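Shown below: input02.txt, with compact mmCIF, C-alpha atoms.
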# COMPACT_ATOMS: atom_id res chain seq x y z
CA PRO A 1 132.53 91.01 114.13
CA LEU A 2 129.06 90.00 115.29
CA TYR A 3 127.59 91.78 112.28
CA LEU A 4 129.36 89.11 110.24
CA LEU A 5 128.79 86.20 112.62
CA LEU A 6 125.20 86.81 113.75
CA THR A 7 123.03 85.82 110.80
CA SER A 8 119.88 84.80 112.67
CA VAL A 9 116.92 87.04 111.96
CA THR A 10 114.59 88.37 114.64
CA MET A 11 110.82 88.46 114.54
CA GLN A 12 110.82 92.22 114.01
CA GLU A 13 113.36 92.08 111.20
CA LEU A 14 111.44 89.28 109.49
CA LEU A 15 108.31 91.43 109.50
CA TYR A 16 110.20 94.32 107.91
CA MET A 17 111.68 91.99 105.28
CA LEU A 18 108.22 90.66 104.43
CA ILE A 19 106.91 94.22 104.06
CA GLY A 20 109.76 95.13 101.72
CA GLU A 21 109.26 91.92 99.77
CA ARG A 22 105.54 92.46 99.22
CA MET A 23 106.10 96.09 98.23
CA ALA A 24 108.74 94.94 95.74
CA ASP A 25 106.15 92.51 94.35
CA GLY A 26 103.89 95.48 93.60
CA TYR A 27 101.52 95.51 96.59
CA THR A 28 100.46 98.81 98.16
CA MET A 29 101.23 99.60 101.79
CA TYR A 30 98.16 99.82 104.08
CA GLN A 31 95.76 98.84 101.27
CA GLU A 32 97.26 95.49 100.30
CA ILE A 33 99.64 95.11 103.26
CA TYR A 34 98.01 95.44 106.68
CA ASP A 35 100.72 96.78 108.98
CA ASN A 36 101.32 99.96 110.92
CA THR A 37 104.94 100.42 109.82
CA ALA A 38 105.43 104.08 108.90
CA PRO A 39 105.64 104.94 105.17
CA LEU A 40 109.26 106.16 104.99
CA SER A 41 110.52 103.11 106.88
CA ALA A 42 108.51 100.88 104.54
CA LEU A 43 110.16 102.71 101.63
CA VAL A 44 113.60 101.87 103.05
CA TYR A 45 112.66 98.18 103.37
CA TRP A 46 111.33 98.20 99.81
CA LEU A 47 114.59 99.64 98.47
CA ILE A 48 116.69 97.11 100.38
CA ASP A 49 114.57 94.25 99.03
CA LEU A 50 115.00 95.54 95.48
CA ILE A 51 118.78 95.57 95.95
CA ALA A 52 119.51 92.61 98.23
CA GLY A 53 116.27 90.68 98.78
CA ARG A 54 115.82 88.97 102.14
CA SER A 55 119.34 89.63 103.36
CA VAL A 56 119.89 89.81 107.12
CA PHE A 57 123.43 91.01 106.44
CA ALA A 58 122.18 93.92 104.30
CA TYR A 59 119.76 95.02 107.02
CA ARG A 60 122.46 94.86 109.69
CA ILE A 61 125.00 96.78 107.58
CA VAL A 62 122.50 99.57 106.84
CA ALA A 63 121.66 99.74 110.55
CA LEU A 64 125.37 99.91 111.44
CA ILE A 65 125.88 102.76 108.97
CA LEU A 66 122.92 104.68 110.42
CA LEU A 67 124.24 104.22 113.96
CA LEU A 68 127.64 105.51 112.85
CA VAL A 69 126.05 108.48 111.07
CA GLN A 70 124.03 109.35 114.18
CA ALA A 71 127.07 109.29 116.46
CA LEU A 72 129.31 111.33 114.14
CA THR A 73 126.58 113.82 113.22
CA PHE A 74 125.65 114.45 116.84
CA ASN A 75 129.32 114.91 117.78
CA PHE A 76 129.83 117.26 114.81
CA ILE A 77 126.88 119.40 115.96
CA LEU A 78 128.29 119.64 119.48
CA ASN A 79 131.72 120.69 118.21
CA ARG A 80 130.52 123.07 115.50
CA TYR A 81 128.29 125.09 117.80
CA GLN A 82 130.79 125.04 120.69
CA VAL A 83 128.44 123.33 123.10
CA PHE A 84 131.43 122.48 125.31
CA ALA A 85 134.45 124.55 126.26
CA THR A 86 136.72 122.49 124.00
CA ARG A 87 136.23 120.26 120.98
CA SER A 88 135.73 116.67 121.99
CA TYR A 89 135.00 113.27 120.49
CA ILE A 90 133.97 111.64 123.76
CA PRO A 91 130.23 111.91 122.87
CA ALA A 92 130.69 109.94 119.63
CA LEU A 93 132.85 107.38 121.43
CA LEU A 94 130.26 106.80 124.15
CA TYR A 95 127.46 106.74 121.55
CA LEU A 96 129.13 103.96 119.56
CA VAL A 97 130.39 101.92 122.51
CA LEU A 98 127.09 101.86 124.40
CA GLY A 99 125.24 101.64 121.09
CA SER A 100 126.88 98.26 120.60
CA ILE A 101 125.73 96.72 123.87
CA THR A 102 122.86 94.79 122.28
CA TYR A 103 122.08 93.45 118.83
CA GLU A 104 118.73 95.30 119.03
CA PHE A 105 120.53 98.61 118.54
CA GLY A 106 121.87 97.12 115.32
CA MET A 107 118.46 96.18 113.95
CA LEU A 108 117.08 98.31 111.12
CA THR A 109 113.95 99.35 112.99
CA PRO A 110 111.75 102.39 112.22
CA VAL A 111 113.04 103.85 115.51
CA LEU A 112 116.63 103.74 114.24
CA ILE A 113 115.72 105.20 110.84
CA GLY A 114 113.57 107.99 112.28
CA HIS A 115 116.04 108.81 115.05
CA THR A 116 118.59 109.73 112.40
CA PHE A 117 116.28 112.51 111.19
CA VAL A 118 115.68 113.69 114.76
CA ILE A 119 119.43 114.23 115.23
CA LEU A 120 119.73 115.94 111.83
CA SER A 121 117.02 118.43 112.87
CA LEU A 122 118.89 119.59 115.99
CA PRO A 123 121.12 122.32 114.45
CA TYR A 124 118.09 123.94 112.80
CA LEU A 125 116.35 124.28 116.16
CA VAL A 126 119.08 125.74 118.36
CA THR A 127 120.92 128.26 116.15
CA VAL A 128 118.33 130.96 115.45
CA SER A 129 119.65 133.53 117.90
CA ARG A 130 123.24 132.89 116.79
CA GLU A 131 122.56 133.43 113.11
CA GLY A 132 120.41 136.57 113.06
CA ILE A 133 116.94 136.47 111.53
CA GLU A 134 117.19 133.21 109.60
CA ASN A 135 113.96 131.90 111.06
CA ASN A 136 113.34 129.97 107.85
CA ARG A 137 115.74 127.41 109.31
CA LEU A 138 112.95 126.46 111.69
CA PHE A 139 110.80 125.43 108.75
CA VAL A 140 113.60 123.09 107.65
CA GLY A 141 113.97 121.78 111.21
CA GLY A 142 110.24 121.10 111.43
CA PHE A 143 110.33 119.44 108.00
CA ILE A 144 113.09 117.06 109.11
CA LEU A 145 111.10 116.23 112.28
CA GLY A 146 108.15 115.50 109.99
CA LEU A 147 110.31 113.02 108.08
CA ALA A 148 111.27 111.43 111.42
CA ALA A 149 107.57 111.00 112.26
CA LEU A 150 107.01 109.47 108.82
CA CYS A 151 109.59 106.85 109.82
CA TYR A 152 108.15 106.25 113.29
CA LEU A 153 105.14 108.35 114.28
CA PRO A 154 105.80 108.71 118.05
CA LEU A 155 109.03 110.56 117.18
CA GLY A 156 106.77 113.51 116.40
CA LEU A 157 106.80 114.06 120.16
CA TYR A 158 110.24 115.64 119.67
CA LEU A 159 108.28 118.68 118.53
CA LEU A 160 108.22 119.49 122.26
CA VAL A 161 112.00 119.77 122.12
CA GLY A 162 111.69 122.05 119.12
CA ILE A 163 109.09 124.26 120.81
CA PHE A 164 111.24 124.55 123.92
CA ALA A 165 114.27 125.42 121.76
CA VAL A 166 112.23 128.10 119.98
CA ILE A 167 111.26 129.64 123.32
CA LEU A 168 114.93 129.75 124.35
CA PHE A 169 116.56 130.83 121.08
CA ALA A 170 114.03 132.59 118.82
CA SER A 171 113.24 136.29 119.00
CA ASN A 172 109.67 135.97 117.66
CA THR A 173 108.40 132.90 119.48
CA PHE A 174 104.88 132.64 118.04
CA ARG A 175 105.97 133.13 114.42
CA SER A 176 108.87 130.75 114.87
CA ILE A 177 106.67 128.00 116.33
CA LEU A 178 104.24 128.40 113.42
CA LEU A 179 107.12 128.08 110.96
CA MET A 180 108.31 124.88 112.62
CA LEU A 181 104.80 123.41 112.75
CA CYS A 182 104.25 124.23 109.07
CA GLY A 183 107.50 122.48 108.24
CA PHE A 184 106.47 119.46 110.31
CA LEU A 185 103.05 119.20 108.66
CA PHE A 186 104.28 119.76 105.10
CA PRO A 187 105.45 116.16 104.38
CA TYR A 188 102.23 114.86 105.92
CA ALA A 189 100.18 117.16 103.68
CA VAL A 190 101.96 115.79 100.61
CA LEU A 191 101.53 112.19 101.74
CA LEU A 192 97.86 112.61 102.69
CA THR A 193 97.22 114.08 99.26
CA PHE A 194 98.90 111.09 97.63
CA TYR A 195 96.90 108.56 99.67
CA PHE A 196 93.69 110.52 99.04
CA TYR A 197 94.07 110.26 95.27
CA THR A 198 95.08 106.59 95.46
CA GLY A 199 92.07 105.68 97.63
CA THR A 200 94.17 104.57 100.61
CA LEU A 201 93.52 107.49 102.96
CA ASP A 202 91.25 105.60 105.37
CA GLU A 203 93.69 102.69 105.72
CA PHE A 204 96.65 105.05 106.15
CA THR A 205 94.81 107.01 108.83
CA ALA A 206 93.73 103.91 110.74
CA MET A 207 97.04 102.04 110.61
CA HIS A 208 99.63 104.83 110.75
CA LEU A 209 98.07 107.86 112.43
CA PHE A 210 95.90 106.22 115.10
CA ARG A 211 97.40 102.78 115.75
CA PRO A 212 100.67 103.82 117.56
CA TRP A 213 98.76 105.74 120.24
CA GLN A 214 96.89 102.75 121.63
CA PHE A 215 98.85 102.53 124.87
CA LYS A 216 98.82 98.79 125.54
CA VAL A 217 102.28 98.31 126.99
CA ALA A 218 103.84 94.87 126.59
CA PHE A 219 107.43 93.75 127.14
CA VAL A 220 109.05 92.02 124.17
CA LEU A 221 111.94 90.98 126.40
CA PRO A 222 111.28 89.88 130.00
CA PRO A 223 111.55 92.95 132.30
CA ALA A 224 114.37 91.34 134.30
CA ASP A 225 116.45 90.70 131.15
CA LEU A 226 115.72 94.17 129.85
CA ALA A 227 116.79 95.73 133.15
CA LYS A 228 120.09 93.79 133.10
CA LEU A 229 120.73 94.69 129.48
CA MET A 230 120.11 98.42 129.95
CA ALA A 231 121.70 98.72 133.41
CA LEU A 232 125.09 99.88 132.11
CA PRO A 233 123.80 102.70 129.82
CA LEU A 234 121.46 103.92 132.57
CA ILE A 235 124.26 103.87 135.18
CA VAL A 236 126.49 105.89 132.83
CA LEU A 237 123.60 108.31 132.23
CA PHE A 238 123.02 108.74 135.97
CA PHE A 239 126.65 109.51 136.81
CA SER A 240 126.95 111.74 133.74
CA ILE A 241 123.98 113.83 134.87
CA MET A 242 125.42 114.08 138.38
CA SER A 243 128.71 115.27 136.89
CA SER A 244 126.99 117.92 134.76
CA LEU A 245 125.30 119.37 137.84
CA SER A 246 128.65 119.83 139.54
CA LEU A 247 130.36 121.66 136.67
CA PRO A 248 129.59 125.35 135.97
CA GLN A 249 128.53 126.48 132.49
CA ARG A 250 130.66 129.10 130.77
CA LEU A 251 128.44 130.65 128.10
CA VAL A 252 124.76 131.57 127.89
CA PHE A 253 124.39 129.42 124.76
CA GLN A 254 125.84 126.41 126.57
CA VAL A 255 123.34 126.87 129.41
CA LYS A 256 120.44 127.08 126.96
CA PHE A 257 121.64 124.03 125.04
CA GLN A 258 121.83 122.02 128.23
CA GLN A 259 118.24 123.01 129.03
CA VAL A 260 117.23 121.75 125.58
CA MET A 261 119.01 118.46 126.29
CA TRP A 262 117.08 118.10 129.55
CA ILE A 263 113.82 118.30 127.58
CA TRP A 264 115.33 115.92 124.99
CA LEU A 265 116.08 113.43 127.78
CA LEU A 266 112.56 113.76 129.20
CA VAL A 267 110.91 113.20 125.80
CA SER A 268 113.21 110.22 125.12
CA LEU A 269 112.27 108.63 128.46
CA ILE A 270 108.57 109.10 127.76
CA LEU A 271 108.89 107.51 124.32
CA THR A 272 110.99 104.65 125.71
CA ILE A 273 108.55 103.53 128.40
CA THR A 274 105.19 104.24 126.72
CA ARG A 275 105.43 102.23 123.51
CA ASP A 276 103.07 99.32 122.93
CA GLU A 277 106.10 97.01 122.78
CA ILE A 278 108.94 97.85 125.14
CA SER A 279 112.26 96.33 124.18
CA ALA A 280 115.92 97.27 124.15
CA ASN A 281 115.73 98.94 120.73
CA THR A 282 113.59 101.81 122.07
CA PHE A 283 116.36 102.72 124.54
CA LEU A 284 118.36 103.85 121.51
CA LEU A 285 116.54 107.18 121.95
CA LEU A 286 118.59 107.79 125.11
CA MET A 287 121.95 107.62 123.30
CA PRO A 288 122.21 111.35 122.43
CA ALA A 289 121.50 112.32 126.05
CA ILE A 290 124.08 109.80 127.30
CA ALA A 291 126.61 111.07 124.76
CA TYR A 292 126.01 114.71 125.69
CA PHE A 293 126.04 114.37 129.47
CA GLY A 294 128.85 111.79 129.24
CA GLU A 295 131.19 114.60 128.20
CA TYR A 296 130.83 116.05 131.71
CA LEU A 297 131.50 112.66 133.30
CA PHE A 298 134.92 112.51 131.65
CA ASN A 299 135.80 116.13 132.42
CA ILE A 300 135.25 116.16 136.16
CA GLY A 301 138.14 117.20 138.37
CA VAL A 302 139.64 113.81 139.20
CA LYS A 303 142.87 112.12 138.20
CA LYS A 304 143.14 110.99 134.58
CA TRP A 305 143.86 107.37 135.49
CA MET A 306 140.51 107.18 137.27
CA LEU A 307 138.70 108.39 134.14
CA SER A 308 140.66 105.92 132.01
CA LEU A 309 139.72 103.13 134.39
CA ALA A 310 136.07 104.18 134.24
CA PHE A 311 136.06 104.05 130.44
CA ALA A 312 137.89 100.70 130.47
CA LEU A 313 135.14 99.31 132.71
CA ILE A 314 132.44 100.64 130.37
CA LEU A 315 134.16 99.19 127.31
CA SER A 316 134.90 95.79 128.88
CA SER A 317 131.37 95.51 130.30
CA THR A 318 129.90 96.28 126.87
CA ILE A 319 132.07 93.62 125.24
CA VAL A 320 131.18 91.02 127.87
CA ILE A 321 127.44 91.69 127.53
CA ARG A 322 127.55 91.82 123.72
CA TYR A 323 129.68 88.67 123.33
CA ARG A 324 128.16 86.70 126.21
CA ASP A 325 126.84 83.97 123.90
CA LEU A 326 130.20 83.41 122.22
CA LEU A 327 131.94 83.54 125.60
CA GLY A 328 129.45 81.01 127.00
CA ILE A 329 128.43 83.11 129.99
CA SER A 330 124.77 83.77 129.14
CA GLU A 331 123.61 81.35 131.82
CA LEU A 332 125.98 82.91 134.33
CA LEU A 333 124.54 86.35 133.62
CA GLN A 334 121.04 84.85 133.39
CA LEU A 335 120.46 87.03 130.36
CA SER A 336 118.80 85.65 127.22
CA ASP A 337 117.66 87.06 123.90
CA SER A 338 114.34 85.33 123.41
CA GLN A 339 113.63 87.32 120.25
CA LEU A 340 116.21 85.50 118.17
CA ILE A 341 114.71 83.04 115.74
CA SER A 342 116.43 79.69 115.40
CA LYS A 343 118.55 79.31 112.29
CA SER A 344 116.77 76.04 111.52
CA ASN A 345 113.48 76.22 109.65
CA LEU A 346 110.28 74.57 110.85
CA THR A 347 110.55 71.03 109.57
CA ASP A 348 106.80 70.42 109.36
CA ALA A 349 106.02 73.68 107.54
CA PRO A 350 105.54 74.10 103.77
CA GLN A 351 108.58 75.06 101.75
CA ASP A 352 108.78 77.81 99.09
CA GLN A 353 105.02 78.35 98.97
CA THR A 354 102.62 81.23 99.37
CA ILE A 355 100.96 80.95 102.77
CA LEU A 356 98.59 82.69 105.16
CA VAL A 357 99.18 82.26 108.88
CA LEU A 358 96.12 82.66 111.09
CA GLY A 359 98.07 83.45 114.25
CA ASN A 360 101.10 85.27 115.64
CA ASP A 361 103.83 82.74 114.76
CA MET A 362 105.71 84.31 111.86
CA ARG A 363 108.37 81.61 111.66
CA TYR A 364 106.36 79.96 108.89
CA TYR A 365 107.33 82.87 106.65
CA LEU A 366 111.04 82.11 106.99
CA GLN A 367 110.92 79.74 104.04
CA ASN A 368 107.69 80.95 102.42
CA LYS A 369 106.15 84.07 100.92
CA PRO A 370 103.14 85.79 102.49
CA ALA A 371 99.88 86.04 100.58
CA THR A 372 96.89 88.33 101.21
CA PRO A 373 97.15 91.65 103.09
CA TYR A 374 96.90 89.86 106.48
CA LEU A 375 100.58 90.02 107.35
CA ASN A 376 100.21 91.51 110.83
CA TRP A 377 97.87 89.27 112.82
CA GLN A 378 97.07 91.99 115.36
CA LEU A 379 95.79 94.27 112.60
CA ALA A 380 94.08 91.34 110.90
CA GLN A 381 91.82 91.12 113.95
CA ARG A 382 89.66 93.91 112.55
CA ASP A 383 88.39 91.25 110.11
CA PHE A 384 89.16 87.84 111.62
CA GLY A 385 88.18 89.07 115.08
CA ASN A 386 84.75 90.15 113.86
CA LEU A 387 83.48 87.13 111.97
CA ASP A 388 79.99 87.80 113.31
CA LYS A 389 79.83 90.93 111.16
CA TYR A 390 79.01 90.90 107.47
CA GLU A 391 81.52 93.59 106.51
CA ALA A 392 84.44 91.65 108.04
CA ASN A 393 83.49 88.47 106.19
CA TYR A 394 83.11 90.40 102.94
CA ASN A 395 86.58 91.95 103.34
CA ILE A 396 88.11 88.52 103.92
CA TYR A 397 86.30 87.19 100.87
CA LEU A 398 87.59 90.00 98.61
CA ASN A 399 91.16 89.77 99.89
CA LEU A 400 91.45 85.99 99.49
CA LYS A 401 89.61 85.92 96.19
CA ALA A 402 92.20 88.30 94.76
CA GLU A 403 95.15 86.35 96.20
CA MET A 404 94.60 82.78 97.36
CA PRO A 405 97.58 81.29 99.25
CA ALA A 406 98.71 77.74 98.51
CA TYR A 407 98.62 76.90 102.24
CA ILE A 408 96.80 78.23 105.29
CA ILE A 409 98.32 77.68 108.73
CA ASP A 410 95.50 77.82 111.28
CA GLU A 411 96.86 78.37 114.78
CA THR A 412 93.66 79.95 116.10
CA GLY A 413 91.12 77.28 115.18
CA LEU A 414 89.13 79.51 112.84
CA MET A 415 89.06 77.30 109.75
CA GLU A 416 85.83 75.48 110.62
CA GLU A 417 83.99 78.76 111.13
CA LEU A 418 85.53 80.24 108.00
CA LYS A 419 84.54 77.21 105.92
CA TYR A 420 80.99 77.54 107.18
CA LYS A 421 80.69 81.30 106.58
CA LEU A 422 82.84 81.59 103.42
CA PRO A 423 82.62 78.21 101.66
CA ALA A 424 83.40 79.73 98.25
CA ILE A 425 86.91 80.53 99.49
CA PHE A 426 87.82 78.30 102.42
CA GLY A 427 85.88 75.33 101.09
CA LYS A 428 88.67 74.97 98.52
CA TYR A 429 91.15 74.05 101.26
CA SER A 430 91.58 70.58 102.70
CA ALA A 431 93.48 69.41 105.76
CA THR A 432 96.95 67.89 105.36
CA ASP A 433 98.88 65.39 107.44
CA GLN A 434 100.43 68.26 109.36
CA SER A 435 98.33 69.67 112.16
CA ASN A 436 96.61 73.01 111.54
CA THR A 437 97.83 73.06 107.92
CA TYR A 438 95.43 73.30 104.99
CA VAL A 439 96.31 73.08 101.31
CA LEU A 440 94.51 74.60 98.32
CA LYS A 441 92.83 71.90 96.27
CA GLN A 442 94.04 71.65 92.68

Exercise: express the given structure as structure tokens:
Amino acid sequence: PLYLLLTSVTMQELLYMLIGERMADGYTMYQEIYDNTAPLSALVYWLIDLIAGRSVFAYRIVALILLLVQALTFNFILNRYQVFATRSYIPALLYLVLGSITYEFGMLTPVLIGHTFVILSLPYLVTVSREGIENNRLFVGGFILGLAALCYLPLGLYLLVGIFAVILFASNTFRSILLMLCGFLFPYAVLLTFYFYTGTLDEFTAMHLFRPWQFKVAFVLPPADLAKLMALPLIVLFFSIMSSLSLPQRLVFQVKFQQVMWIWLLVSLILTITRDEISANTFLLLMPAIAYFGEYLFNIGVKKWMLSLAFALILSSTIVIRYRDLLGISELLQLSDSQLISKSNLTDAPQDQTILVLGNDMRYYLQNKPATPYLNWQLAQRDFGNLDKYEANYNIYLNLKAEMPAYIIDETGLMEELKYKLPAIFGKYSATDQSNTYVLKQ
């Protein structure tokens, strides 16, 4: 029900909507939109904008569908390849229940989009020895991992899972690894060729290939709130792992698959805690490991009523945490979602205009359209943070000359310097009655 009731947009979702909107208006990613969102994710946002525009509901529904696809696909893989002694739907159940614990798991982030491809690649990585000499499946598995990286570049680290799976399952390890790597690099080769011929290769390299590896960790949510929010999934994961250690494996394939899942868990933990912005949505990467090891938790040798009680506690705790705002117990839990943007617009901001915000506050874009490539203020610092250099000033001049916004919101106090250094552009703006707001002279 919260997918229908929760219509407030978050800062991250607003950024993705603005990217899709500008792409739908004909602007090129990386060249005319400065942001490090991966190309396939940007393509998804562009398609959604073409169909539904700035619709929070559309974004949430697509995210819900992807979460459902991930859970069912992962469960189908486990059952098809007889990973457990008997067919089970406990992994999908745990995936969906714990995947509903926070609204951030229901946001259409590049992590969610790319993680779908990571799960789809799994059967191509672990079935070589069971299906004879069909090593060409590894090329397909690597290709799907390449698509995952094109949605969210750090997901390329799951190549380590693929390499470990090749070592365990493939007969010709070196050839198999080369096949997987070729498959992984193939979509990048196609995309690099496209950006080379469109003159966007340098921007694509700087914003997509190099930007995500600048390890400057920052918490989007306060660490205390994040710890409370993720406590339940991590507790379930801990007890699930303890249960798996106490149960013997029956088949060689099951032992090998569990070893692959250990590497999967390790890679997921590394990706979760090393991103430049740590928030609850990155913990989505732990869901497959929780779903897999959770099967052992609910098959340990204890009475059935104890297992039923354990699941009832997990389900009720998830509901309480997820519906804490509607239940009015957020203050009691001392757990807040500071990312949520207020439903009310900024009263002193322009309405239905093209604007440029010199600063990090993106709420001004709620009721306005962005102009110029400077959508992401952090990436805009390569120009606005180097105003003592001629090249930076020239780039700003070219970008604003091609697309002059009706209003400029100056939160950083740069307008005086910009008027002095680029009077042909910024001299056309005059201050308004609202603080830090400048309007284009008619």

(120.3, 119.4, 113.5) in this file's frame - what residues fall within 9 Å of it? Use only C-alpha atoms and give the answer as a PDB file with C-alpha atoms, keeping the file's coordinate frame.
ATOM      1  CA  THR A  73     126.580 113.820 113.220  1.00  0.00           C
ATOM      2  CA  PHE A  74     125.650 114.450 116.840  1.00  0.00           C
ATOM      3  CA  ILE A  77     126.880 119.400 115.960  1.00  0.00           C
ATOM      4  CA  PHE A 117     116.280 112.510 111.190  1.00  0.00           C
ATOM      5  CA  VAL A 118     115.680 113.690 114.760  1.00  0.00           C
ATOM      6  CA  ILE A 119     119.430 114.230 115.230  1.00  0.00           C
ATOM      7  CA  LEU A 120     119.730 115.940 111.830  1.00  0.00           C
ATOM      8  CA  SER A 121     117.020 118.430 112.870  1.00  0.00           C
ATOM      9  CA  LEU A 122     118.890 119.590 115.990  1.00  0.00           C
ATOM     10  CA  PRO A 123     121.120 122.320 114.450  1.00  0.00           C
ATOM     11  CA  TYR A 124     118.090 123.940 112.800  1.00  0.00           C
ATOM     12  CA  LEU A 125     116.350 124.280 116.160  1.00  0.00           C
ATOM     13  CA  VAL A 126     119.080 125.740 118.360  1.00  0.00           C
ATOM     14  CA  GLY A 141     113.970 121.780 111.210  1.00  0.00           C
ATOM     15  CA  ILE A 144     113.090 117.060 109.110  1.00  0.00           C
TER      16      ILE A 144
END

List as JSON lines every residue of segment 370-408 of chain A that is in contact with segment 425-439 of chain A, defined as an atom at most 10 Å from one of its atoms (using only C-alpha atoms), together with the nearest atom pair and the distance in Å rounded to one decimal, sorted by chain and then rising number.
{"residue": "A:Ile396", "atom": "CA", "partner": "A:Ile425", "partner_atom": "CA", "distance": 9.2}
{"residue": "A:Tyr397", "atom": "CA", "partner": "A:Ile425", "partner_atom": "CA", "distance": 6.8}
{"residue": "A:Leu398", "atom": "CA", "partner": "A:Ile425", "partner_atom": "CA", "distance": 9.5}
{"residue": "A:Leu400", "atom": "CA", "partner": "A:Ile425", "partner_atom": "CA", "distance": 7.1}
{"residue": "A:Lys401", "atom": "CA", "partner": "A:Ile425", "partner_atom": "CA", "distance": 6.9}
{"residue": "A:Met404", "atom": "CA", "partner": "A:Ile425", "partner_atom": "CA", "distance": 8.3}
{"residue": "A:Pro405", "atom": "CA", "partner": "A:Val439", "partner_atom": "CA", "distance": 8.6}
{"residue": "A:Ala406", "atom": "CA", "partner": "A:Val439", "partner_atom": "CA", "distance": 5.9}
{"residue": "A:Tyr407", "atom": "CA", "partner": "A:Val439", "partner_atom": "CA", "distance": 4.6}
{"residue": "A:Ile408", "atom": "CA", "partner": "A:Tyr438", "partner_atom": "CA", "distance": 5.1}

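With distances restricted to all atoms listed in the file, A:Thr102 is the closest residue to Arg324 of chain A from A:Thr127, A:Thr10, A:Thr102, A:Asn79.
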
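Here atom CA of Thr37 of chain A and atom CA of Ile101 of chain A stand 25.4 Å from one another.
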
Would you give me, as CSV, each residue of segment 297-341 of chain A having an atom within 12 Å of an atom of segment 222-241 of chain A, along with its shortest atom pair and that distance in Å to one decimal, using all atoms listed in the file and sorting by chain and residue number?
residue,atom,partner,partner_atom,distance
A:Leu297,CA,A:Ser240,CA,4.7
A:Phe298,CA,A:Ser240,CA,8.3
A:Asn299,CA,A:Ser240,CA,10.0
A:Ile300,CA,A:Ser240,CA,9.7
A:Ala310,CA,A:Val236,CA,9.8
A:Phe311,CA,A:Val236,CA,10.0
A:Leu313,CA,A:Leu232,CA,10.1
A:Ile314,CA,A:Leu232,CA,7.6
A:Leu315,CA,A:Leu232,CA,10.3
A:Ser316,CA,A:Leu232,CA,11.1
A:Ser317,CA,A:Leu232,CA,7.9
A:Thr318,CA,A:Leu232,CA,8.0
A:Ile319,CA,A:Leu232,CA,11.6
A:Val320,CA,A:Leu229,CA,11.2
A:Ile321,CA,A:Leu229,CA,7.6
A:Arg322,CA,A:Leu229,CA,9.4
A:Arg324,CA,A:Leu229,CA,11.4
A:Ser330,CA,A:Asp225,CA,11.0
A:Glu331,CA,A:Asp225,CA,11.8
A:Leu333,CA,A:Lys228,CA,8.7
A:Gln334,CA,A:Asp225,CA,7.8
A:Leu335,CA,A:Asp225,CA,5.5
A:Ser336,CA,A:Asp225,CA,6.8
A:Asp337,CA,A:Asp225,CA,8.2
A:Ser338,CA,A:Pro222,CA,8.6
A:Gln339,CA,A:Pro222,CA,10.4

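Shortest separation to Tyr292 of chain A among A:Pro91, A:Gly199, A:Pro350, A:Pro423 occurs at residue A:Pro91, atoms counted being all atoms listed in the file.
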
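Between atom CA of Tyr30 of chain A and atom CA of Asn395 of chain A there is a distance of 14.0 Å.
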
Just the residues within 10 Å of Ala85 of chain A, please, counting only C-alpha atoms, with nothing from its chain fewer than 3 positions along; format it as a list in words.
Asn79, Gln82, Ser88, Gln249, Arg250, Leu251 and Gln254 of chain A

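The nearest approach to Asp348 of chain A among the residues A:Ala38, A:Ile90, A:Ile409, A:Leu2, with only C-alpha atoms taken into account, belongs to A:Ile409.
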
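Only residues having an atom at most 10 Å from (103.5, 113.4, 105.9) are included; using only C-alpha atoms, these are A:Ala38, A:Pro39, A:Leu40, A:Phe143, A:Gly146, A:Leu147, A:Ala148, A:Ala149, A:Leu150, A:Cys151, A:Leu153, A:Phe184, A:Leu185, A:Phe186, A:Pro187, A:Tyr188, A:Ala189, A:Val190, A:Leu191, A:Leu192, A:Thr193, A:Phe194.
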
Distance query Leu64 of chain A at most 9 Å, only C-alpha atoms, self and fewer than 3 positions along chain excluded, as a PDB file with C-alpha atoms, in the frame of the given file:
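What ended up in result-v9.pdb:
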ATOM      1  CA  TYR A   3     127.590  91.780 112.280  1.00  0.00           C
ATOM      2  CA  TYR A  59     119.760  95.020 107.020  1.00  0.00           C
ATOM      3  CA  ARG A  60     122.460  94.860 109.690  1.00  0.00           C
ATOM      4  CA  ILE A  61     125.000  96.780 107.580  1.00  0.00           C
ATOM      5  CA  LEU A  67     124.240 104.220 113.960  1.00  0.00           C
ATOM      6  CA  LEU A  68     127.640 105.510 112.850  1.00  0.00           C
ATOM      7  CA  VAL A  69     126.050 108.480 111.070  1.00  0.00           C
ATOM      8  CA  PHE A 105     120.530  98.610 118.540  1.00  0.00           C
ATOM      9  CA  GLY A 106     121.870  97.120 115.320  1.00  0.00           C
ATOM     10  CA  MET A 107     118.460  96.180 113.950  1.00  0.00           C
ATOM     11  CA  LEU A 108     117.080  98.310 111.120  1.00  0.00           C
TER      12      LEU A 108
END

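The coordinates place atom CA of Leu47 of chain A at 25.4 Å from atom CA of Ala402 of chain A.
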
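Comparing the minimum interatomic distances between Pro288 of chain A and each of A:Ser246, A:Gln367, A:Tyr152, A:Leu93, counting all atoms listed in the file, we find that A:Leu93 sits nearest.
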
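Residue neighbourhood of segment 267-270 of chain A, excluding near-sequence residues (fewer than 6 positions): Leu155, Leu157, Tyr158, Leu160, Val161, Thr282, Phe283, Leu284, Leu285, Leu286 and Ala289 of chain A, at 9 Å, using all atoms listed in the file.
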
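Distances here use only C-alpha atoms; by that measure, the residue among A:Ser100, A:Gln31, A:Asn75, A:Thr86 closest to Pro1 of chain A is A:Ser100.
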
Write out as a ChimeraX atom specification the residues lying within 12 Å of Leu379 of chain A, counting all atoms listed in the file and excluding same-chain residues fewer than 2 positions away.
/A:30,33-37,203,206-208,211-212,358-360,373-377,381-386
